[in-house]
Each structure stands twice: as structure tokens, then as C-alpha cells.
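Trainee: Here you go, entry_35.csv (CSV, C-alpha atoms):
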```
chain,number,residue,atom,x,y,z
O,200,MET,CA,-12.5,-36.0,91.9
O,201,GLN,CA,-12.5,-36.5,95.6
O,202,VAL,CA,-15.2,-34.0,96.0
O,203,GLY,CA,-17.5,-35.8,93.4
O,204,ARG,CA,-16.9,-39.1,95.1
O,205,THR,CA,-17.7,-37.7,98.5
O,206,ALA,CA,-21.0,-36.2,97.1
O,207,LYS,CA,-22.0,-39.5,95.6
O,208,VAL,CA,-21.4,-41.4,98.9
O,209,SER,CA,-23.4,-38.8,100.8
O,210,PHE,CA,-26.3,-39.1,98.4
O,211,ARG,CA,-26.2,-42.9,98.7
O,212,GLU,CA,-26.2,-42.7,102.5
O,213,ALA,CA,-29.2,-40.3,102.4
O,214,TYR,CA,-31.1,-42.7,100.0
O,215,ASP,CA,-30.4,-45.7,102.2
O,216,ARG,CA,-31.5,-43.9,105.3
O,217,GLY,CA,-34.7,-42.8,103.7
O,218,PHE,CA,-35.2,-46.3,102.4
O,219,ARG,CA,-34.8,-47.7,106.0
O,220,ASP,CA,-37.0,-45.1,107.5
O,221,GLY,CA,-39.7,-46.1,105.0
O,222,GLY,CA,-39.5,-49.7,106.2
O,223,GLY,CA,-37.1,-51.0,103.5
O,224,ASP,CA,-34.4,-53.5,103.9
O,225,VAL,CA,-31.2,-52.4,102.3
O,226,GLY,CA,-29.7,-55.8,102.6
O,227,ASP,CA,-32.5,-57.5,100.6
O,228,LEU,CA,-31.9,-57.3,96.9
O,229,PHE,CA,-35.5,-57.9,96.0
O,230,ASP,CA,-37.1,-55.8,98.8
O,231,ALA,CA,-37.9,-52.8,96.5
O,232,ALA,CA,-39.5,-55.0,93.9
O,233,ARG,CA,-41.5,-56.9,96.5
O,234,ARG,CA,-42.8,-53.7,98.2
O,235,SER,CA,-43.7,-52.2,94.8
O,236,PHE,CA,-45.8,-55.3,94.0
O,237,THR,CA,-47.5,-55.3,97.4
O,238,ALA,CA,-48.4,-51.6,97.0
O,239,ALA,CA,-49.9,-52.3,93.5
O,240,VAL,CA,-52.3,-54.9,94.8
O,241,ARG,CA,-53.2,-53.2,98.1
O,242,GLY,CA,-56.9,-52.5,98.1
O,243,SER,CA,-56.7,-49.4,100.1
O,244,ASN,CA,-54.3,-48.0,97.6
O,245,GLN,CA,-56.7,-48.4,94.7
O,246,PRO,CA,-59.2,-45.9,93.4
O,247,ARG,CA,-62.7,-46.4,94.7
O,248,PRO,CA,-65.0,-48.3,92.3
O,249,LYS,CA,-67.7,-46.3,90.8
O,250,PRO,CA,-71.2,-47.3,92.0
O,251,ALA,CA,-73.3,-49.2,89.5
O,252,GLN,CA,-75.4,-47.0,87.4
O,253,ILE,CA,-79.1,-47.9,87.7
O,254,SER,CA,-81.1,-46.7,84.8
O,255,ALA,CA,-84.3,-44.9,85.6
O,256,ARG,CA,-85.7,-46.0,82.3
O,257,PRO,CA,-85.0,-49.7,81.7
O,258,LEU,CA,-84.5,-50.8,78.1
O,259,PRO,CA,-87.3,-52.8,76.5
O,260,SER,CA,-84.9,-55.7,76.0
O,261,SER,CA,-84.6,-56.0,79.8
O,262,TRP,CA,-88.4,-56.1,80.4
O,263,LEU,CA,-89.8,-59.2,81.9
O,264,LYS,CA,-92.4,-61.5,80.4
O,265,PRO,CA,-96.1,-60.9,81.2
O,266,THR,CA,-97.6,-62.6,84.3
O,267,ASP,CA,-101.0,-62.3,85.9
O,268,GLN,CA,-99.6,-60.9,89.1
O,269,PRO,CA,-99.6,-57.1,88.3
O,270,ARG,CA,-102.7,-55.1,89.1
O,271,PRO,CA,-105.3,-55.0,86.2
O,272,THR,CA,-105.2,-51.8,84.3
O,273,ARG,CA,-107.9,-49.8,82.6
O,274,TRP,CA,-107.8,-50.3,78.8
O,275,SER,CA,-107.4,-46.5,78.1
O,276,LYS,CA,-104.1,-46.5,80.0
O,277,ARG,CA,-102.5,-49.5,78.2
O,278,LEU,CA,-100.0,-49.4,75.3
O,279,LEU,CA,-99.3,-52.2,73.0
O,280,ILE,CA,-96.3,-52.0,70.6
O,281,LEU,CA,-96.6,-54.6,67.8
O,282,THR,CA,-94.4,-55.2,64.7
O,283,GLU,CA,-95.5,-55.2,61.1
O,284,ASN,CA,-95.4,-59.0,61.1
O,285,ASP,CA,-98.0,-59.0,63.9
O,286,VAL,CA,-100.5,-57.2,61.6
O,287,LYS,CA,-100.4,-60.0,59.1
O,288,ASP,CA,-102.6,-63.1,59.4
O,289,VAL,CA,-101.1,-66.5,60.2
O,290,GLY,CA,-101.9,-67.7,56.7
O,291,ALA,CA,-99.9,-64.8,55.2
O,292,GLY,CA,-96.9,-65.6,57.2
O,293,GLY,CA,-97.6,-63.3,60.2
O,294,THR,CA,-98.4,-64.0,63.8
O,295,GLY,CA,-102.0,-62.7,63.7
O,296,PHE,CA,-101.6,-61.0,67.0
O,297,LEU,CA,-103.4,-57.8,66.0
O,298,ASN,CA,-106.6,-59.8,65.0
O,299,GLU,CA,-106.5,-61.4,68.4
O,300,VAL,CA,-106.2,-58.0,70.1
O,301,VAL,CA,-109.0,-56.5,68.1
O,302,ALA,CA,-111.3,-59.5,69.0
O,303,THR,CA,-110.7,-58.8,72.8
O,304,ASP,CA,-113.6,-57.0,74.5
O,305,GLY,CA,-112.6,-53.5,75.7
O,306,ALA,CA,-109.3,-53.4,73.7
O,307,GLU,CA,-110.7,-50.8,71.4
O,308,ALA,CA,-109.9,-48.2,74.0
O,309,MET,CA,-106.2,-49.2,74.1
O,310,SER,CA,-103.3,-47.4,72.3
O,311,ILE,CA,-101.7,-49.6,69.6
O,312,VAL,CA,-98.5,-48.6,67.8
O,313,VAL,CA,-96.8,-50.7,65.1
O,314,LEU,CA,-93.0,-50.8,64.4
O,315,THR,CA,-92.6,-51.2,60.6
O,316,GLN,CA,-89.8,-52.4,58.5
O,317,ALA,CA,-88.9,-48.9,57.4
O,318,PRO,CA,-88.2,-48.6,60.4
O,319,GLY,CA,-90.7,-46.3,61.9
O,320,PHE,CA,-93.7,-46.2,64.2
O,321,VAL,CA,-97.2,-45.8,62.9
O,322,GLU,CA,-100.8,-46.0,64.2
O,323,VAL,CA,-103.4,-48.6,63.6
O,324,ASP,CA,-106.6,-47.6,61.8
O,325,ARG,CA,-109.4,-49.8,63.3
O,326,ALA,CA,-111.8,-49.5,60.4
O,327,GLU,CA,-114.9,-51.7,60.1
O,328,SER,CA,-113.3,-53.6,57.2
O,329,GLY,CA,-110.4,-54.5,59.4
O,330,PRO,CA,-107.3,-53.0,61.0
O,331,THR,CA,-104.8,-51.3,58.7
O,332,LEU,CA,-101.7,-49.2,59.2
O,333,LEU,CA,-101.9,-45.4,58.8
O,334,PRO,CA,-99.1,-43.7,56.8
O,335,PRO,CA,-96.1,-42.4,58.8
O,336,ARG,CA,-96.2,-38.9,60.1
O,337,VAL,CA,-94.8,-36.4,57.6
O,338,GLY,CA,-91.6,-34.6,58.6
O,339,LEU,CA,-90.5,-37.0,61.3
O,340,GLU,CA,-87.6,-39.2,60.1
O,341,GLU,CA,-86.3,-40.6,63.4
O,342,PRO,CA,-88.3,-43.5,64.9
O,343,ALA,CA,-87.9,-42.0,68.4
O,344,ASP,CA,-89.5,-38.7,67.2
O,345,GLN,CA,-92.4,-40.6,65.5
O,346,LEU,CA,-93.0,-42.6,68.7
O,347,ARG,CA,-92.8,-39.5,70.9
O,348,GLN,CA,-95.4,-37.7,68.8
O,349,LEU,CA,-97.7,-40.7,68.6
O,350,LEU,CA,-97.7,-41.0,72.4
O,351,SER,CA,-97.9,-37.3,73.1
O,352,GLY,CA,-100.5,-36.5,75.7
O,353,ARG,CA,-101.4,-40.1,76.5
O,354,GLU,CA,-101.3,-41.4,80.0
O,355,VAL,CA,-99.8,-44.9,80.1
O,356,ASP,CA,-99.6,-47.3,83.1
O,357,ASP,CA,-99.1,-50.6,81.3
O,358,ILE,CA,-96.9,-51.4,78.3
O,359,LEU,CA,-96.3,-54.6,76.3
O,360,THR,CA,-94.2,-55.1,73.2
O,361,THR,CA,-94.0,-58.1,70.9
O,362,ALA,CA,-90.8,-56.9,69.3
O,363,GLN,CA,-88.0,-59.4,68.8
O,364,GLY,CA,-84.5,-59.3,67.3
O,365,ASP,CA,-83.8,-56.3,65.2
O,366,HIS,CA,-87.1,-54.7,66.0
O,367,LEU,CA,-86.3,-54.9,69.7
O,368,ARG,CA,-82.9,-53.2,69.2
O,369,ILE,CA,-84.7,-50.4,67.3
O,370,LEU,CA,-87.1,-50.1,70.2
O,371,ASP,CA,-84.2,-49.9,72.6
O,372,LEU,CA,-82.8,-47.0,70.7
O,373,ALA,CA,-86.1,-45.2,70.8
O,374,SER,CA,-86.7,-46.0,74.5
O,375,ASP,CA,-86.3,-42.3,75.5
O,376,ALA,CA,-89.6,-41.7,73.7
O,377,LEU,CA,-91.5,-44.3,75.8
O,378,PRO,CA,-93.4,-43.1,78.9
O,379,LEU,CA,-92.4,-44.4,82.3
O,380,ALA,CA,-95.1,-46.9,83.2
O,381,ARG,CA,-95.9,-48.9,86.3
O,382,THR,CA,-95.7,-52.2,84.4
O,383,GLN,CA,-93.4,-52.8,81.3
O,384,GLU,CA,-93.3,-56.2,79.8
O,385,ARG,CA,-92.4,-58.0,76.5
O,386,THR,CA,-93.2,-61.3,74.9
O,387,ARG,CA,-90.3,-63.7,74.4
O,388,ASN,CA,-89.1,-67.2,73.3
O,389,THR,CA,-91.1,-69.2,70.8
O,390,LEU,CA,-94.2,-68.0,68.9
O,391,LEU,CA,-96.5,-70.2,71.0
O,392,GLN,CA,-95.1,-68.8,74.2
O,393,GLN,CA,-95.4,-65.2,72.8
O,394,ARG,CA,-99.0,-65.9,72.0
O,395,THR,CA,-99.6,-67.1,75.6
O,396,HIS,CA,-97.8,-64.0,77.0
O,397,LEU,CA,-100.0,-61.8,74.9
O,398,ARG,CA,-103.2,-63.4,76.1
O,399,THR,CA,-102.0,-63.2,79.7
O,400,TRP,CA,-101.4,-59.5,79.2
O,401,LEU,CA,-104.8,-58.9,77.5
O,402,ALA,CA,-106.5,-60.7,80.4
O,403,ARG,CA,-105.3,-57.9,82.8
O,404,GLY,CA,-107.3,-55.2,81.0
O,405,ARG,CA,-110.3,-53.8,82.6
O,406,ASP,CA,-113.1,-51.4,81.6
O,407,ALA,CA,-113.4,-47.9,83.2
O,408,GLY,CA,-115.2,-48.2,86.5
O,409,ALA,CA,-114.8,-52.0,86.7
O,410,ASN,CA,-113.3,-53.6,89.7
O,411,ILE,CA,-111.6,-57.0,89.1
O,412,GLY,CA,-109.4,-59.1,91.3
O,413,ALA,CA,-105.6,-59.1,90.9
O,414,GLY,CA,-103.1,-61.7,91.8
O,415,HIS,CA,-101.7,-65.0,90.6
O,416,ILE,CA,-104.2,-67.6,89.4
O,417,ARG,CA,-103.1,-71.1,90.3
O,418,TRP,CA,-104.1,-73.6,87.6
O,419,GLY,CA,-104.5,-77.3,88.0
O,420,LYS,CA,-106.2,-80.3,86.5
O,421,VAL,CA,-108.3,-82.9,88.1
O,422,THR,CA,-110.1,-85.9,86.7
O,423,LYS,CA,-113.2,-83.8,85.8
O,424,GLY,CA,-111.2,-81.0,84.0
O,425,LEU,CA,-109.4,-77.8,84.4
O,426,THR,CA,-109.5,-75.8,87.7
O,427,GLY,CA,-108.3,-72.3,88.7
O,428,LYS,CA,-107.9,-70.7,92.1
O,429,LEU,CA,-107.7,-67.0,93.1
O,430,ALA,CA,-108.0,-66.0,96.7
O,431,GLU,CA,-111.1,-67.8,98.2
O,432,PHE,CA,-112.6,-68.7,94.8
O,433,THR,CA,-112.2,-71.8,92.7
O,434,VAL,CA,-113.5,-72.1,89.2
O,435,ARG,CA,-114.1,-75.6,87.6
O,436,TYR,CA,-115.0,-76.9,84.2
O,437,SER,CA,-118.2,-78.8,84.6
O,438,GLY,CA,-118.6,-80.2,81.1
O,439,PRO,CA,-121.2,-79.4,78.4
O,440,ALA,CA,-124.0,-77.1,79.4
O,441,PRO,CA,-127.6,-78.5,79.5
O,442,SER,CA,-128.7,-76.7,76.4
O,443,ARG,CA,-125.6,-75.8,74.4
O,444,GLY,CA,-122.0,-74.5,75.1
O,445,HIS,CA,-119.9,-75.4,78.1
O,446,LEU,CA,-120.4,-74.8,81.8
O,447,ILE,CA,-117.9,-73.4,84.3
O,448,VAL,CA,-118.8,-73.0,88.0
O,449,VAL,CA,-117.2,-70.6,90.6
O,450,GLU,CA,-117.1,-72.1,94.1
O,451,LEU,CA,-115.9,-71.1,97.6
O,452,LEU,CA,-113.4,-72.8,99.7
O,453,ASN,CA,-116.0,-75.2,101.1
O,454,GLY,CA,-117.0,-76.3,97.6
O,455,ALA,CA,-120.4,-74.4,97.7
O,456,PRO,CA,-121.3,-72.2,94.7
O,457,ALA,CA,-120.2,-68.6,95.1
O,458,ASN,CA,-123.7,-67.2,95.5
O,459,GLY,CA,-124.4,-63.7,96.9
O,460,PHE,CA,-121.8,-61.7,95.2
O,461,VAL,CA,-122.4,-58.4,93.4
O,462,GLY,CA,-120.2,-56.9,90.7
O,463,SER,CA,-119.0,-53.3,90.5
O,464,ASP,CA,-121.9,-52.6,88.2
O,465,GLY,CA,-124.4,-53.6,90.9
O,466,HIS,CA,-125.6,-56.8,89.2
O,467,VAL,CA,-125.7,-60.1,91.2
O,468,LEU,CA,-123.1,-62.6,89.8
O,469,ASP,CA,-124.2,-66.0,88.8
O,470,PRO,CA,-121.6,-68.7,89.7
O,471,ALA,CA,-122.7,-70.9,86.9
O,472,ILE,CA,-121.4,-69.5,83.6
O,473,VAL,CA,-122.0,-70.8,80.1
O,474,ILE,CA,-119.4,-70.2,77.5
O,475,SER,CA,-119.8,-70.9,73.8
O,476,ASN,CA,-116.2,-71.6,72.7
O,477,LYS,CA,-114.2,-74.2,74.6
O,478,ALA,CA,-111.0,-73.0,73.0
O,479,ARG,CA,-111.4,-69.9,75.2
O,480,LEU,CA,-112.0,-71.9,78.3
O,481,ARG,CA,-108.9,-70.8,80.2
O,482,GLN,CA,-109.5,-67.1,79.3
O,483,GLU,CA,-113.2,-67.3,80.4
O,484,MET,CA,-112.3,-69.0,83.6
O,485,ALA,CA,-109.7,-66.3,84.4
O,486,ARG,CA,-112.3,-63.7,83.6
O,487,ALA,CA,-114.7,-65.3,86.0
O,488,LEU,CA,-112.2,-65.5,88.8
O,489,ARG,CA,-111.2,-61.9,88.5
O,490,THR,CA,-114.8,-60.7,88.3
O,491,PHE,CA,-115.6,-62.6,91.6
O,492,GLY,CA,-112.3,-61.5,93.1
O,493,GLY,CA,-113.3,-57.8,92.7
O,494,ALA,CA,-116.9,-58.4,93.7
O,495,THR,CA,-118.7,-57.5,97.0
O,496,ARG,CA,-120.5,-60.1,99.1
O,497,LEU,CA,-124.0,-59.3,100.1
O,498,ALA,CA,-124.8,-59.3,103.8
O,499,ILE,CA,-126.4,-62.6,104.9
```
When written as C-alpha cells, how does the structure in this file appear?
Mentor:
Amino acid sequence: MQVGRTAKVSFREAYDRGFRDGGGDVGDLFDAARRSFTAAVRGSNQPRPKPAQISARPLPSSWLKPTDQPRPTRWSKRLLILTENDVKDVGAGGTGFLNEVVATDGAEAMSIVVLTQAPGFVEVDRAESGPTLLPPRVGLEEPADQLRQLLSGREVDDILTTAQGDHLRILDLASDALPLARTQERTRNTLLQQRTHLRTWLARGRDAGANIGAGHIRWGKVTKGLTGKLAEFTVRYSGPAPSRGHLIVVELLNGAPANGFVGSDGHVLDPAIVISNKARLRQEMARALRTFGGATRLAI
């Protein structure tokens, strides 16, 4: 019995000595608990946090809304992803976006893909009688595979999608099939805002060989009507044209008409432009600004 008690005492003395050597206070009843808590919250004692993973392919749901700041892109390198509801006319309960796209000059060279209710991705047949949806590809059940085959061999620099809600979630799941593009955007919020975003995106399209000005157009209103500014140019609405239609005039910083500029096709640009439809006033003014913004001034 004496031997066992002696061994227990020696173990206790060894423990206390080691406790003191480690900075502990044997006389403090709560010292061990306090030191254990301090060690648990010590930052240097914690595992290093993993660096945030930055995806090289952002999901479509994270894309920003369209603006007029990105560089205009050739129509043949643009991709528009619509939904089946966008193919229907407004009178049929749809948005009518496809009809607006088809009516845009140059958009016939653009790639258009439609996400259906199936769900799946199909092409648009631009027949003379009107745009219709082609049947889905045979043997491809997964939407990502359908999208990958539809876009195979196409060079894309600019993407816009009008997908919302469940359609947007499906597009997120198929995002691996999307090409990496310089500009990736999506429409959002109300239907009216989505239509504005679509028109903003369409206005950035350019024909092959054309040179148009890029940058943010600053819009304003004066007593005489709408104005827009881009670089050194200002375009103003000047009221009804002398014969018929409406007149817009492109001016320089000093207020003089922008005479002496030549477009990329070699034709001299007329600063006085007549438009037939006032409903397209903003689009025509933006087109005029970008045409003059990419023009060359003749030597005087």
C-alpha cells in the first residue's frame, strides 16, 4: 500500500511540475479551463481559411444588366438566349422580344437559341412567314448537351439572355456548355426594364467591317427635346422634318453641325438625319452618335 501511495504522489508531483513549466498556475482552480478557452479562440492556433474560389465561368444568374459601355460587337459573334415566352407576341401573352430582334437591322447574322418549357434548347427558323422554333435535336436529352451542340464551332464574344426564374436556374445548370465570352449580360427586373435592356444590347451590334463609337451615352432633356452626348458629339431632336418624318442633328462641342466626317464605308456623313418613326427616336439618336463616334474627320 505504501508503494502505491508513493507512486501516486510522484505522478502528481511530475504533473504539477509539467503544468508549471507550461505556464500553469497550480494554485488557481480555474487556470486549466481558462487556458483551454484561450487556446480555442487563439487565431494563430486555428486552421488557415481557404481562399475564396473565384469561378472562371460565372453563372448566368450573376451576369450584370446590359449597358452601352462595352465595345460594340459584330453581329456574327453575338449570342442571344431567349425563352419560349419571348417567341410569342404580346397579344398572345408573350413578351414579343423575338419580333423586336428580327426587326433590327443586321440581327439576321446573330445566333439565337430558345430555352423551351420541355426544358431544352432549340434553334430559331427565320422563315419569310415569320420566325418559328425548330424541333429539338434527336438523341440529346440533357439541355446542356443540346446547347453544346447548337453552339459547336461558333465564335461568341457577346452573350445576352432574357431567362428569368426557373428558366434562369436551368441555364445555370447548363452553363458549362456556354462559351466564355468577353461580355455576358442578362435582362432583369420588370418587363419594361427587360425590354429596355434588350434594346440597349441590340444597339451595340455592328456589321462586319463597320466602325462605330463605343462608350456611355449621356442622355438629357432640354426645352426643345431629347439630347444625347458621346465624346465630342451631341445629337438633338429638332422637331418635324420639312417634308415628312422627324429631324435629328449631330453637333460638335461648339454647337456647329458635325460636317466633314466620313464613315467606315467611305461615305460622307450628313449631320442632319431624318427618321420616319418617332417611337424609335432614342435608338436612332444612339445609332447616329455611334456612327459619328467611329467616323474619320476629313482634313480641313
Trainee: Using all atoms listed in the file for the distances, tell me which of O:Pro246, O:Gly454, O:Gly408, O:Gly493 is nearest to Leu468 (chain O).
Mentor: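 Checking each of O:Pro246, O:Gly454, O:Gly408, O:Gly493 against Leu468 (chain O), counting all atoms listed in the file, the winner is O:Gly493.
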Trainee: Quick one: distance from CA of Ile369 (chain O) to CA of Leu390 (chain O) in Å, one decimal?
Mentor: 20.1 Å
Trainee: Expressed in Å to a single decimal, how great is the separation between CA of Gly295 (chain O) and CA of Phe320 (chain O)?
Mentor: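 Separation of CA of Gly295 (chain O) and CA of Phe320 (chain O): 18.5 Å.
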Trainee: If I take CA of Thr382 (chain O) and CA of Ala343 (chain O), how far is one from the other in Å, to one decimal?
Mentor: 20.5 Å
Trainee: Using all atoms listed in the file, what residues lie at most 6 Å away from (-121.3, -75.2, 88.1) (file coordinates), given as an NGL selection string?
Mentor: :O and (437 or 447-448 or 471)
Trainee: When distances are computed from all atoms listed in the file, which of O:Arg489, O:Lys276, O:Arg381, O:Arg219 shows the smallest separation from Ala409 (chain O)?
Mentor: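 Ranked by minimum distance to Ala409 (chain O), first place goes to O:Arg489.
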Trainee: Write a file for region 255-268 of chain O of the given structure; include N, CA and C atoms and format it as a PDB file, in the first residue's frame.
Mentor:
```pdb
ATOM      1  N   ALA O 255     -14.092  30.608 -62.928  1.00  0.00           N
ATOM      2  CA  ALA O 255     -13.666  31.119 -64.233  1.00  0.00           C
ATOM      3  C   ALA O 255     -14.839  31.251 -65.185  1.00  0.00           C
ATOM      4  N   ARG O 256     -15.966  30.645 -64.849  1.00  0.00           N
ATOM      5  CA  ARG O 256     -17.154  30.696 -65.694  1.00  0.00           C
ATOM      6  C   ARG O 256     -18.324  31.140 -64.823  1.00  0.00           C
ATOM      7  N   PRO O 257     -18.569  32.447 -64.708  1.00  0.00           N
ATOM      8  CA  PRO O 257     -19.646  32.919 -63.847  1.00  0.00           C
ATOM      9  C   PRO O 257     -21.004  32.427 -64.317  1.00  0.00           C
ATOM     10  N   LEU O 258     -21.869  32.112 -63.372  1.00  0.00           N
ATOM     11  CA  LEU O 258     -23.198  31.621 -63.712  1.00  0.00           C
ATOM     12  C   LEU O 258     -24.027  32.737 -64.341  1.00  0.00           C
ATOM     13  N   PRO O 259     -24.921  32.400 -65.270  1.00  0.00           N
ATOM     14  CA  PRO O 259     -25.770  33.428 -65.889  1.00  0.00           C
ATOM     15  C   PRO O 259     -26.569  34.240 -64.874  1.00  0.00           C
ATOM     16  N   SER O 260     -26.947  33.638 -63.746  1.00  0.00           N
ATOM     17  CA  SER O 260     -27.709  34.380 -62.743  1.00  0.00           C
ATOM     18  C   SER O 260     -26.899  35.506 -62.111  1.00  0.00           C
ATOM     19  N   SER O 261     -25.562  35.466 -62.255  1.00  0.00           N
ATOM     20  CA  SER O 261     -24.708  36.518 -61.698  1.00  0.00           C
ATOM     21  C   SER O 261     -24.323  37.565 -62.734  1.00  0.00           C
ATOM     22  N   TRP O 262     -24.766  37.389 -63.980  1.00  0.00           N
ATOM     23  CA  TRP O 262     -24.420  38.357 -65.011  1.00  0.00           C
ATOM     24  C   TRP O 262     -25.091  39.696 -64.736  1.00  0.00           C
ATOM     25  N   LEU O 263     -24.446  40.773 -65.160  1.00  0.00           N
ATOM     26  CA  LEU O 263     -24.964  42.116 -64.968  1.00  0.00           C
ATOM     27  C   LEU O 263     -25.949  42.485 -66.074  1.00  0.00           C
ATOM     28  N   LYS O 264     -26.682  43.542 -65.842  1.00  0.00           N
ATOM     29  CA  LYS O 264     -27.632  44.022 -66.851  1.00  0.00           C
ATOM     30  C   LYS O 264     -26.871  44.722 -67.983  1.00  0.00           C
ATOM     31  N   PRO O 265     -27.439  44.755 -69.180  1.00  0.00           N
ATOM     32  CA  PRO O 265     -26.756  45.390 -70.314  1.00  0.00           C
ATOM     33  C   PRO O 265     -26.630  46.902 -70.140  1.00  0.00           C
ATOM     34  N   THR O 266     -25.506  47.429 -70.577  1.00  0.00           N
ATOM     35  CA  THR O 266     -25.286  48.879 -70.634  1.00  0.00           C
ATOM     36  C   THR O 266     -24.697  49.207 -72.003  1.00  0.00           C
ATOM     37  N   ASP O 267     -24.532  50.481 -72.262  1.00  0.00           N
ATOM     38  CA  ASP O 267     -23.959  50.873 -73.552  1.00  0.00           C
ATOM     39  C   ASP O 267     -22.451  51.100 -73.462  1.00  0.00           C
ATOM     40  N   GLN O 268     -21.825  50.700 -72.357  1.00  0.00           N
ATOM     41  CA  GLN O 268     -20.394  50.924 -72.192  1.00  0.00           C
ATOM     42  C   GLN O 268     -19.512  49.883 -72.884  1.00  0.00           C
TER      43      GLN O 268
END
```
